[in-house]
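This is final_13.cif. It holds mmCIF, C-alpha atoms.
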```
data_query
#
loop_
_atom_site.label_atom_id
_atom_site.label_comp_id
_atom_site.auth_asym_id
_atom_site.auth_seq_id
_atom_site.Cartn_x
_atom_site.Cartn_y
_atom_site.Cartn_z
CA MET O 1 0.00 0.00 0.00
CA ASP O 2 1.39 3.42 -1.01
CA GLY O 3 -0.11 6.11 1.20
CA TYR O 4 -3.87 5.81 0.74
CA HIS O 5 -3.52 3.82 -2.49
CA TYR O 6 -2.98 0.10 -2.91
CA THR O 7 -0.20 -1.02 -5.23
CA PRO O 8 -1.13 -3.20 -8.23
CA GLU O 9 0.52 -6.13 -6.43
CA ALA O 10 -1.71 -5.65 -3.38
CA LEU O 11 -4.81 -5.26 -5.54
CA ALA O 12 -3.96 -8.55 -7.23
CA THR O 13 -3.56 -10.32 -3.86
CA PHE O 14 -6.00 -9.41 -1.08
CA PRO O 15 -9.16 -9.68 -3.27
CA ARG O 16 -8.29 -13.36 -3.59
CA TYR O 17 -8.61 -13.76 0.17
CA ASN O 18 -11.91 -11.88 0.08
CA VAL O 19 -13.49 -14.06 -2.58
CA LEU O 20 -12.23 -17.27 -0.96
CA ASN O 21 -13.76 -16.19 2.33
CA ALA O 22 -17.08 -15.52 0.58
CA ILE O 23 -16.89 -18.98 -1.00
CA ARG O 24 -16.12 -20.57 2.36
CA VAL O 25 -19.18 -18.97 3.97
CA GLU O 26 -21.37 -20.06 1.04
CA LEU O 27 -20.09 -23.63 1.37
CA GLU O 28 -20.90 -23.56 5.07
CA ARG O 29 -24.51 -22.76 4.25
CA ILE O 30 -24.82 -26.29 2.86
CA ASP O 31 -26.06 -28.83 5.40
CA PRO O 32 -23.84 -31.91 4.86
CA ALA O 33 -26.61 -34.14 6.18
CA LYS O 34 -28.70 -33.19 3.14
CA LEU O 35 -26.09 -33.82 0.46
CA ALA O 36 -26.92 -36.51 -2.09
CA ASP O 37 -24.55 -38.24 -4.50
CA VAL O 38 -21.07 -37.07 -5.50
CA GLU O 39 -22.10 -35.35 -8.71
CA ASN O 40 -24.92 -33.45 -7.04
CA THR O 41 -22.53 -32.36 -4.32
CA ARG O 42 -19.93 -31.33 -6.88
CA THR O 43 -22.53 -29.19 -8.65
CA LEU O 44 -23.39 -27.38 -5.41
CA LEU O 45 -19.74 -26.74 -4.62
CA VAL O 46 -18.97 -25.36 -8.07
CA LEU O 47 -22.08 -23.18 -7.93
CA ALA O 48 -20.89 -21.76 -4.61
CA GLY O 49 -17.54 -20.97 -6.21
CA GLU O 50 -19.20 -19.17 -9.08
CA MET O 51 -21.86 -17.23 -7.17
CA ALA O 52 -20.62 -16.54 -3.60
CA GLU O 53 -20.68 -12.83 -2.75
CA ASP O 54 -20.32 -10.54 0.24
CA ASP O 55 -19.67 -6.86 0.86
CA PHE O 56 -16.01 -7.25 -0.06
CA THR O 57 -16.59 -8.90 -3.44
CA ARG O 58 -19.44 -6.81 -4.82
CA ARG O 59 -18.94 -3.87 -7.16
CA PRO O 60 -17.69 -1.21 -7.34
CA ILE O 61 -14.28 -2.81 -7.61
CA GLY O 62 -11.38 -2.11 -9.92
CA GLU O 63 -10.23 -4.04 -12.97
CA ILE O 64 -7.28 -5.64 -11.16
CA ASP O 65 -9.47 -6.70 -8.21
CA GLU O 66 -12.09 -8.17 -10.50
CA ARG O 67 -9.55 -10.13 -12.50
CA ALA O 68 -7.88 -11.52 -9.36
CA MET O 69 -11.21 -12.70 -7.93
CA ALA O 70 -12.25 -14.23 -11.24
CA GLU O 71 -8.99 -16.19 -11.31
CA GLU O 72 -9.57 -17.51 -7.80
CA ARG O 73 -13.14 -18.52 -8.61
CA ALA O 74 -11.98 -20.32 -11.74
CA ALA O 75 -9.20 -22.12 -9.86
CA PHE O 76 -11.61 -23.25 -7.12
CA CYS O 77 -14.21 -24.48 -9.61
CA ARG O 78 -11.56 -26.23 -11.71
CA TYR O 79 -10.22 -28.03 -8.65
CA MET O 80 -13.68 -29.13 -7.50
CA GLY O 81 -14.60 -30.22 -11.01
CA GLY O 82 -11.51 -32.40 -11.28
CA LEU O 83 -11.78 -34.26 -7.96
CA GLU O 84 -12.14 -38.03 -8.11
CA LEU O 85 -13.53 -40.33 -5.43
CA SER O 86 -10.02 -41.61 -4.78
CA ASP O 87 -8.94 -38.05 -3.96
CA LEU O 88 -11.60 -37.79 -1.27
CA ASN O 89 -10.32 -40.85 0.55
CA VAL O 90 -7.29 -38.93 1.79
CA VAL O 91 -9.20 -35.79 2.82
CA GLU O 92 -9.44 -35.44 6.59
CA GLU O 93 -13.00 -35.00 7.86
CA LEU O 94 -13.63 -31.53 9.26
CA PRO O 95 -15.74 -30.73 12.34
CA TYR O 96 -19.38 -29.92 11.64
CA ARG O 97 -19.96 -26.22 10.95
CA ARG O 98 -23.00 -24.76 9.19
CA VAL O 99 -24.24 -21.21 8.65
CA LEU O 100 -27.65 -20.75 10.23
CA THR O 101 -30.54 -19.77 8.01
CA ALA O 102 -32.23 -16.42 8.67
CA GLU O 103 -35.22 -18.23 10.16
CA GLU O 104 -33.06 -20.32 12.49
CA SER O 105 -31.10 -17.28 13.64
CA LYS O 106 -34.26 -15.30 14.34
CA SER O 107 -35.76 -18.14 16.39
CA ILE O 108 -32.60 -18.75 18.46
CA TRP O 109 -32.09 -15.03 19.09
CA SER O 110 -35.68 -14.68 20.31
CA ARG O 111 -35.24 -17.52 22.80
CA LEU O 112 -31.80 -16.31 23.89
CA ARG O 113 -33.02 -12.75 24.55
CA ASP O 114 -35.95 -13.99 26.61
CA ARG O 115 -33.88 -16.43 28.64
CA TRP O 116 -30.93 -14.13 29.42
CA GLN O 117 -32.52 -10.64 29.32
CA ILE O 118 -30.51 -9.47 26.31
CA ARG O 119 -31.57 -6.09 24.94
CA ASN O 120 -30.48 -4.11 21.88
CA GLY O 121 -27.54 -6.28 20.87
CA TYR O 122 -25.44 -5.74 24.00
CA TRP O 123 -25.55 -7.71 27.23
CA TYR O 124 -24.07 -7.61 30.71
CA PRO O 125 -21.88 -5.77 31.69
CA LEU O 126 -22.66 -3.29 28.89
CA ALA O 127 -26.39 -3.52 29.53
CA GLU O 128 -28.52 -4.24 32.58
CA CYS O 129 -29.22 -7.82 33.58
CA LYS O 130 -31.02 -8.67 36.80
CA LEU O 131 -30.20 -12.37 36.78
CA SER O 132 -27.99 -13.61 39.61
CA ASP O 133 -25.88 -16.30 37.92
CA VAL O 134 -23.98 -13.92 35.62
CA VAL O 135 -20.38 -12.69 35.91
CA ALA O 136 -18.33 -10.58 33.48
CA PHE O 137 -14.57 -11.18 33.48
CA LYS O 138 -11.68 -9.22 32.03
CA MET O 139 -11.06 -10.78 28.65
CA ARG O 140 -7.27 -11.04 28.90
CA ALA O 141 -7.34 -12.69 32.31
CA PHE O 142 -10.15 -15.03 31.27
CA ASP O 143 -8.29 -16.13 28.13
CA GLU O 144 -5.16 -16.86 30.18
CA ALA O 145 -6.95 -18.80 32.91
CA VAL O 146 -9.70 -20.62 31.01
CA ALA O 147 -8.47 -22.62 28.03
CA TYR O 148 -10.77 -23.27 25.08
CA GLU O 149 -10.04 -26.99 25.41
CA TRP O 150 -11.18 -26.93 29.04
CA LEU O 151 -14.45 -25.20 28.10
CA GLN O 152 -15.03 -27.66 25.28
CA GLY O 153 -14.42 -30.56 27.66
CA LYS O 154 -17.02 -29.26 30.10
CA LEU O 155 -19.62 -29.05 27.34
CA VAL O 156 -18.79 -32.55 26.10
CA ALA O 157 -19.12 -33.88 29.66
CA ARG O 158 -22.69 -32.54 29.61
CA GLY O 159 -23.42 -34.41 26.40
CA ILE O 160 -23.34 -31.26 24.25
CA GLU O 161 -22.11 -31.98 20.71
CA ARG O 162 -22.95 -28.71 18.96
CA VAL O 163 -23.16 -25.05 19.95
CA TRP O 164 -24.60 -21.93 18.40
CA GLU O 165 -22.32 -19.01 17.61
CA LEU O 166 -24.34 -15.82 17.19
CA ARG O 167 -22.85 -12.48 16.17
CA GLU O 168 -23.72 -8.81 16.11
CA TYR O 169 -23.33 -9.07 12.34
CA GLY O 170 -21.93 -11.52 9.82
CA PRO O 171 -22.59 -15.27 9.47
CA GLU O 172 -23.87 -17.20 12.47
CA TYR O 173 -23.23 -20.89 13.01
CA GLU O 174 -24.26 -24.22 14.39
CA GLU O 175 -20.91 -25.91 14.96
CA ASN O 176 -19.21 -28.85 16.58
CA VAL O 177 -18.21 -28.23 20.18
CA SER O 178 -14.54 -28.58 19.17
CA LEU O 179 -14.91 -25.23 17.35
CA PHE O 180 -16.23 -23.43 20.44
CA GLU O 181 -13.73 -20.59 20.97
CA PRO O 182 -15.52 -17.60 22.56
CA HIS O 183 -13.68 -14.46 21.47
CA TYR O 184 -14.47 -11.01 20.11
CA ASN O 185 -13.74 -10.82 16.36
CA GLY O 186 -14.96 -7.29 15.63
CA ALA O 187 -18.58 -8.25 16.26
CA GLU O 188 -20.21 -8.97 19.62
CA GLY O 189 -20.33 -12.74 20.07
CA TYR O 190 -22.73 -15.07 21.91
CA TRP O 191 -22.49 -18.84 22.41
CA SER O 192 -25.02 -21.30 23.81
CA SER O 193 -26.76 -24.58 22.96
CA GLY O 194 -30.08 -26.41 22.98
CA ASP O 195 -31.51 -25.80 26.44
CA LEU O 196 -29.98 -22.29 26.75
CA ASP O 197 -28.90 -23.20 30.28
CA TRP O 198 -25.47 -21.62 29.76
CA ILE O 199 -24.13 -18.68 27.75
CA VAL O 200 -20.85 -16.91 26.98
CA TYR O 201 -20.73 -13.33 25.65
CA ALA O 202 -17.59 -11.60 24.33
CA SER O 203 -17.83 -7.83 23.93
CA HIS O 204 -15.90 -5.00 22.28
CA GLU O 205 -15.15 -3.61 25.75
CA GLY O 206 -12.71 -6.35 26.67
CA SER O 207 -15.18 -8.40 28.69
CA VAL O 208 -16.23 -12.05 28.65
CA THR O 209 -19.50 -12.83 30.41
CA VAL O 210 -20.33 -16.36 31.56
CA ALA O 211 -23.65 -17.50 33.01
CA GLY O 212 -25.61 -20.59 33.93
CA TRP O 213 -24.07 -23.89 34.96
CA LEU O 214 -20.88 -23.11 33.04
CA LEU O 215 -20.20 -20.16 35.35
CA GLN O 216 -20.18 -22.50 38.35
CA GLU O 217 -17.63 -24.72 36.59
CA VAL O 218 -15.41 -21.71 35.84
CA LYS O 219 -15.57 -20.50 39.45
CA ALA O 220 -14.71 -23.94 40.78
CA MET O 221 -11.68 -24.25 38.50
CA TRP O 222 -10.42 -20.63 38.73
CA ALA O 223 -9.62 -19.94 42.38
CA SER O 224 -8.77 -16.25 41.84
CA TRP O 225 -11.71 -15.41 39.58
CA GLU O 226 -13.01 -12.65 41.86
CA ALA O 227 -9.83 -10.66 41.26
CA HIS O 228 -10.54 -10.62 37.53
CA VAL O 229 -14.12 -9.40 37.39
CA TRP O 230 -14.57 -6.78 34.66
CA THR O 231 -14.34 -3.22 35.96
CA GLY O 232 -14.76 -1.22 32.77
CA THR O 233 -11.12 -1.29 31.67
CA PHE O 234 -9.09 -3.37 29.22
CA GLU O 235 -6.71 -4.70 31.88
#
```
If you took the structure in this file and wrote it as structure tokens, what would it be?
Amino acid sequence: MDGYHYTPEALATFPRYNVLNAIRVELERIDPAKLADVENTRTLLVLAGEMAEDDFTRRPIGEIDERAMAEERAAFCRYMGGLELSDLNVVEELPYRRVLTAEESKSIWSRLRDRWQIRNGYWYPLAECKLSDVVAFKMRAFDEAVAYEWLQGKLVARGIERVWELREYGPEYEENVSLFEPHYNGAEGYWSSGDLDWIVYASHEGSVTVAGWLLQEVKAMWASWEAHVWTGTFE
């Protein structure tokens, strides 16, 4: 990048990441449980490569950007079109991850707001919550003390196989518990599962809120948790 202008080299590079990300999200809209035979699946994958769009791939874009994205789409579709069954035998199975439909997201959000008193996109400690089993921690301290693997293990011990990842904006997911990593990514994040008897919320203010039975597990494991309650700073 030269000042406020991208070099031709940059313009021929980062749009490739943008279009591949759009394709990835489009692929994750496909429910693997509903896929049919190989050729039908191949058709869906190629169609995703050809048609996937988001705010970063739509016009107006420049000639270099457009050409770079077209090359990436063509390469993806060419690769998918050339795969044989024997190639798939050596592909490692990925954890389940699927983008929620608009209807699913609306339904889960409605239930989540009612259960945990969530208003206007933000939650405790950035908004009022009168429930008693809710604590907001400083994000940095929480991340250091409470490992993702430990959290995942606690969910698995409760028989939970999949969680919901809901965001302030952007795609929202139903995903395997092994992908449960509660962190702020530029959009407020919420995580829970079927009975909504636990929740984690990561905010833009450097806080991580935990509630329900999972909070009791965190307190029991983290002896000094009271020293790391969120106080309105990014410590």
Any chance you could resolve the PyMOL selection byres ((chain O and resi 138-142) around 8) against this file and give the residues as an mmCIF file with C-alpha atoms, in the coordinates of the input?
```cif
data_model
loop_
_atom_site.group_PDB
_atom_site.id
_atom_site.type_symbol
_atom_site.label_atom_id
_atom_site.label_comp_id
_atom_site.auth_asym_id
_atom_site.auth_seq_id
_atom_site.Cartn_x
_atom_site.Cartn_y
_atom_site.Cartn_z
ATOM 1 C CA ALA O 136 -18.330 -10.580 33.480
ATOM 2 C CA PHE O 137 -14.570 -11.180 33.480
ATOM 3 C CA ASP O 143 -8.290 -16.130 28.130
ATOM 4 C CA GLU O 144 -5.160 -16.860 30.180
ATOM 5 C CA ALA O 145 -6.950 -18.800 32.910
ATOM 6 C CA VAL O 146 -9.700 -20.620 31.010
ATOM 7 C CA ALA O 202 -17.590 -11.600 24.330
ATOM 8 C CA GLY O 206 -12.710 -6.350 26.670
ATOM 9 C CA SER O 207 -15.180 -8.400 28.690
ATOM 10 C CA VAL O 208 -16.230 -12.050 28.650
ATOM 11 C CA HIS O 228 -10.540 -10.620 37.530
ATOM 12 C CA VAL O 229 -14.120 -9.400 37.390
ATOM 13 C CA TRP O 230 -14.570 -6.780 34.660
ATOM 14 C CA THR O 231 -14.340 -3.220 35.960
ATOM 15 C CA THR O 233 -11.120 -1.290 31.670
ATOM 16 C CA PHE O 234 -9.090 -3.370 29.220
ATOM 17 C CA GLU O 235 -6.710 -4.700 31.880
#
```
Margin query: I need the output of the PyMOL selection byres ((chain O and resi 50-56) around 10) for this file as a PyMOL selection string; which residues are they?
Written below: chain O and resi 15+17-27+44-49+57-61+70+72-74+76-77+170
Note to self: List the spatial neighbours of Val38 (chain O) as JSON, numbers by chain - criterion: any atom at most 12 Å away, only C-alpha atoms, same-chain residues fewer than 3 positions off excluded.
What the structure shows: {"O": [32, 35, 41, 42, 43, 44, 45, 80, 81, 83, 84, 85, 86, 88]}
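Against this structure, the PyMOL selection byres ((chain O and resi 148) around 12) ends up with Phe142, Asp143, Glu144, Ala145, Val146, Ala147, Glu149, Trp150, Leu151, Gln152, Gly153, Lys154, Leu155, Val177, Ser178, Leu179, Phe180, Glu181, Pro182, His183 and Val218 of chain O.
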Margin query: I need the residue nearest Ala157 (chain O) from this list: O:Glu217, O:Glu128, O:Ile64, O:Tyr184. Use all atoms listed in the file for the distance.
Written below: O:Glu217
Notebook entry, point to check: How many Å separate CA of Trp225 (chain O) from CA of Pro125 (chain O)?
Noted result: 16.1 Å
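Between CA of Trp213 (chain O) and CA of Tyr190 (chain O) the separation is 15.8 Å.
Taking only C-alpha atoms into account, Glu66 (chain O) lies nearest to O:Arg16 out of the set O:Lys219, O:Arg119, O:Arg16, O:Arg162.
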Item checked: Distance in Å - CA of Lys34 (chain O) versus CA of Glu161 (chain O) -> 18.8 Å
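Distance annotation: of O:Glu205, O:Glu92, O:Asp195, O:Glu226, the residue with the minimal separation from Ala127 (chain O) is O:Glu205; atom set is only C-alpha atoms.
Contact shell of Val134 (chain O) at 6 Å (only C-alpha atoms; same-chain neighbours under 2 positions omitted): Ser132, Val210 and Ala211 of chain O.
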Note to self: List as a PyMOL selection string the protein and nucleic acid residues near Ala102 (chain O), meaning an atom at most 10 Å away when all atoms listed in the file are counted, but skip any in the same chain fewer than 3 places from it.
What the structure shows: chain O and resi 99+105-107+171-172
Next item on the list: Write out as a list in words the residues lying within 9 Å of Leu196 (chain O), counting all atoms listed in the file and excluding same-chain residues fewer than 6 positions away.
Entry: Arg111, Leu112, Arg115, Trp116 and Gly212 of chain O
Next item on the list: Would you kindly return, as a VMD selection string, each protein, DNA or RNA residue with an atom no farther than 8 Å from any atom of Glu165 (chain O), considering only C-alpha atoms and excluding same-chain residues fewer than 6 positions away?
Entry: chain O and resid 172 to 175 189 to 192
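In this comparison, which uses only C-alpha atoms, the residue of O:Trp109, O:Trp222, O:Tyr96, O:Tyr124 approaching Arg167 (chain O) most closely is O:Trp109.
Shortest atom-to-atom contact with Arg29 (chain O) among O:Gly232, O:Arg98, O:Glu103, O:Gln216: O:Arg98, counting only C-alpha atoms.
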Region 196-208 of chain O dumped to file, N, CA and C atoms, as an mmCIF file, in the first residue's frame:
```
data_model
loop_
_atom_site.group_PDB
_atom_site.id
_atom_site.type_symbol
_atom_site.label_atom_id
_atom_site.label_comp_id
_atom_site.auth_asym_id
_atom_site.auth_seq_id
_atom_site.Cartn_x
_atom_site.Cartn_y
_atom_site.Cartn_z
ATOM 1 N N LEU O 196 -30.305 -23.675 26.362
ATOM 2 C CA LEU O 196 -29.984 -22.292 26.748
ATOM 3 C C LEU O 196 -29.717 -22.167 28.244
ATOM 4 N N ASP O 197 -29.164 -23.227 28.839
ATOM 5 C CA ASP O 197 -28.897 -23.200 30.279
ATOM 6 C C ASP O 197 -27.472 -22.739 30.591
ATOM 7 N N TRP O 198 -26.777 -22.244 29.588
ATOM 8 C CA TRP O 198 -25.467 -21.615 29.756
ATOM 9 C C TRP O 198 -25.286 -20.627 28.606
ATOM 10 N N ILE O 199 -24.394 -19.672 28.809
ATOM 11 C CA ILE O 199 -24.130 -18.684 27.754
ATOM 12 C C ILE O 199 -22.767 -18.051 28.007
ATOM 13 N N VAL O 200 -22.084 -17.704 26.919
ATOM 14 C CA VAL O 200 -20.854 -16.908 26.976
ATOM 15 C C VAL O 200 -21.033 -15.738 26.024
ATOM 16 N N TYR O 201 -20.615 -14.550 26.457
ATOM 17 C CA TYR O 201 -20.728 -13.331 25.653
ATOM 18 C C TYR O 201 -19.389 -12.611 25.656
ATOM 19 N N ALA O 202 -18.851 -12.338 24.472
ATOM 20 C CA ALA O 202 -17.593 -11.601 24.330
ATOM 21 C C ALA O 202 -17.893 -10.247 23.699
ATOM 22 N N SER O 203 -17.469 -9.173 24.376
ATOM 23 C CA SER O 203 -17.831 -7.830 23.933
ATOM 24 C C SER O 203 -16.639 -7.036 23.422
ATOM 25 N N HIS O 204 -16.939 -5.901 22.796
ATOM 26 C CA HIS O 204 -15.900 -5.001 22.282
ATOM 27 C C HIS O 204 -15.223 -4.217 23.394
ATOM 28 N N GLU O 205 -15.719 -4.328 24.610
ATOM 29 C CA GLU O 205 -15.146 -3.605 25.746
ATOM 30 C C GLU O 205 -14.177 -4.455 26.562
ATOM 31 N N GLY O 206 -13.686 -5.529 25.971
ATOM 32 C CA GLY O 206 -12.706 -6.352 26.668
ATOM 33 C C GLY O 206 -13.289 -7.180 27.794
ATOM 34 N N SER O 207 -14.536 -7.590 27.658
ATOM 35 C CA SER O 207 -15.184 -8.398 28.693
ATOM 36 C C SER O 207 -15.642 -9.734 28.114
ATOM 37 N N VAL O 208 -15.647 -10.750 28.975
ATOM 38 C CA VAL O 208 -16.228 -12.050 28.648
ATOM 39 C C VAL O 208 -17.202 -12.403 29.767
#
```
